[in-house]
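Read through the structure below, which is laid out as structure tokens, and then see the notes.
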Amino acid sequence: MIQLDVFTPLSEGVEPIEQLAEGLKVLPTKLKPLMHALVSAGPLEVENERFPNTSEANYYSARGGPCYRYPSLARRWEAILKTAETIHTGIPQAKVGNTEASPADLELFFRGRHADTLAIGQDLVSRYDFLSHRQLVDIAGGSGGVAIALARACPSLHATVLDLTSVTPVTQWIVDETDVARGIDVVS
């Protein structure tokens, strides 16, 4: 679905299935069952045999959406699928990392994962009493979501998020957008 880039043209306006298929360079007879499957799965709706995106699909799956993250996910999945070959040969077959990613790709990736890292931080707060602590260091903190969730739950906690030099500008942007930015340092 994302590889076909179905969600992007739908975010720009709902088209008849034949017109959408033509634009995607696929057969309408093959696209229509996929679209109905996507309605069942949740990212699409159906209205008179037209398939508008849900707001979530526009947000996460349409190119240009605030949390569109297909390029970085595709690279990671491609690398993950080479794990068996890496184990067989003993030689890494793919490199997964953020050192070569563009700033725009890094921002898409970390903003796309931010809700997940906030949830991890909230889960940590529910499992452990951080109130007696004053300092937290989140190593490889990415978007800063864990530190943000902990800083919100424990106002007396000062957090430091450490990450690669290529990542920390994105971390800083995300942290600066929060109500707890004054209690979080971002360090390369």
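Labels for the structure tokens follow display order: chains A, B, ..., residues from 1 in each chain, ligands from 1.
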*asked:* Give me, as JSON, numbers by chain, all polymer residues having an atom no more than 9 Å from Leu136 (chain A), counting only C-alpha atoms and skipping those fewer than 2 positions away in the same chain.
replied: {"A": [133, 134, 138, 147, 150, 157, 158, 159, 160, 161]}
Restricted to C-alpha atoms, what would the selected residues look like written as a JSON list (two decimals), in the first residue's frame?
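As written to disk, again_15.json reads:
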```json
[["chain", "number", "residue", "atom", "x", "y", "z"],
["A", 133, "HIS", "CA", 15.09, 10.76, 41.60],
["A", 134, "ARG", "CA", 16.42, 14.12, 40.44],
["A", 138, "ASP", "CA", 18.30, 8.78, 28.25],
["A", 147, "ALA", "CA", 12.39, 11.92, 28.81],
["A", 150, "LEU", "CA", 9.05, 11.26, 32.64],
["A", 157, "LEU", "CA", 13.27, 15.33, 37.54],
["A", 158, "HIS", "CA", 15.87, 16.89, 35.23],
["A", 159, "ALA", "CA", 16.42, 14.83, 32.08],
["A", 160, "THR", "CA", 19.32, 14.73, 29.65],
["A", 161, "VAL", "CA", 18.82, 13.11, 26.26]]
```
*Could you pull out the strand (DSSP E or B) residues of region 7-182 of chain A from DSSP and send them as a ChimeraX atom specification?*
/A:44,47,50,53,135-139,158-162
Export, as a short mmCIF file (atom, residue, chain, number, x, y, z; two decimals), in the first residue's frame, the selected residues with C-alpha atoms.
```cif
data_model
loop_
_atom_site.label_atom_id
_atom_site.label_comp_id
_atom_site.auth_asym_id
_atom_site.auth_seq_id
_atom_site.Cartn_x
_atom_site.Cartn_y
_atom_site.Cartn_z
CA LEU A 44 -9.45 3.84 4.24
CA GLU A 47 -18.20 5.96 -0.12
CA ARG A 50 -14.55 5.76 -3.80
CA ASN A 53 -8.17 8.16 3.51
CA GLN A 135 18.36 13.19 37.29
CA LEU A 136 17.69 11.00 34.27
CA VAL A 137 19.95 10.27 31.32
CA ASP A 138 18.30 8.78 28.25
CA ILE A 139 21.05 7.34 26.05
CA HIS A 158 15.87 16.89 35.23
CA ALA A 159 16.42 14.83 32.08
CA THR A 160 19.32 14.73 29.65
CA VAL A 161 18.82 13.11 26.26
CA LEU A 162 22.03 11.88 24.60
#
```
*asked:* Env of His114 (chain A): 8 Å cut, atoms = only C-alpha atoms, seq-sep filter 6 positions within chain, self excluded. Answer as a ChimeraX atom specification.
replied: /A:143-145
Once you have the residues from the selection above, write them out as a PDB file, in the first residue's frame, restricted to C-alpha atoms.
```pdb
ATOM      1  CA  SER A 143      12.814  12.027  19.802  1.00  0.00           C
ATOM      2  CA  GLY A 144      13.158  12.525  23.552  1.00  0.00           C
ATOM      3  CA  GLY A 145       9.749  10.924  24.114  1.00  0.00           C
TER       4      GLY A 145
END
```
_Ser188 (chain A) environment, 6 Å, only C-alpha atoms, sequence neighbours closer than 3 positions dropped, as JSON, numbers by chain_ = {"A": [162, 163, 164, 165]}
*asked:* Given only C-alpha atoms as the basis, pick out the residue of A:Ile148, A:Ile17, A:Ala115, A:Ala79 nearest to Pro52 (chain A).
replied: A:Ile17
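Among the residues of region 130-173 of chain A, backbone DSSP assigns helix (DSSP H, G or I) to Gly145, Val146, Ala147, Ile148, Ala149, Leu150, Ala151, Arg152, Ala153, Thr168, Pro169, Val170, Thr171, Gln172 and Trp173 of chain A.
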*Rank A:Pro169, A:Gly65, A:Val125, A:Pro16 by their smallest atom-to-atom distance to Pro28 (chain A), using only C-alpha atoms, and report the top residue only.*
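Counting only C-alpha atoms, the residue closest to Pro28 (chain A) is A:Pro16.
One distance worth recording is that between CA of Ala181 (chain A) and CA of Ala140 (chain A), which is 17.8 Å.
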Contacts of region 39-149 of chain A with region 4-8 of chain A up to 12 Å, shortest pair per row, only C-alpha atoms, as CSV:
```
residue,atom,partner,partner_atom,distance
A:Pro43,CA,A:Phe7,CA,8.8
A:Leu44,CA,A:Phe7,CA,8.7
A:Glu45,CA,A:Phe7,CA,11.7
A:Phe51,CA,A:Phe7,CA,9.8
A:Pro52,CA,A:Phe7,CA,8.7
A:Asn53,CA,A:Phe7,CA,6.7
A:Thr54,CA,A:Phe7,CA,9.6
A:Ser55,CA,A:Phe7,CA,10.8
A:Glu56,CA,A:Phe7,CA,10.5
A:Ala57,CA,A:Phe7,CA,6.8
A:Asn58,CA,A:Phe7,CA,7.0
A:Tyr59,CA,A:Phe7,CA,10.0
A:Tyr60,CA,A:Phe7,CA,9.4
A:Ser61,CA,A:Phe7,CA,6.1
A:Ala62,CA,A:Thr8,CA,4.3
A:Arg63,CA,A:Thr8,CA,5.4
A:Gly64,CA,A:Thr8,CA,8.0
A:Gly65,CA,A:Thr8,CA,8.7
A:Tyr68,CA,A:Thr8,CA,10.2
A:Tyr70,CA,A:Asp5,CA,9.7
A:Pro71,CA,A:Asp5,CA,11.5
```
_Let me make sure I understand: among A:Ser156, A:Val170, A:Val175, A:Ala37, which one has the smallest atom-to-atom distance to Leu118 (chain A) if we use only C-alpha atoms?_
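Nearest candidate to Leu118 (chain A) out of A:Ser156, A:Val170, A:Val175, A:Ala37: A:Val175.
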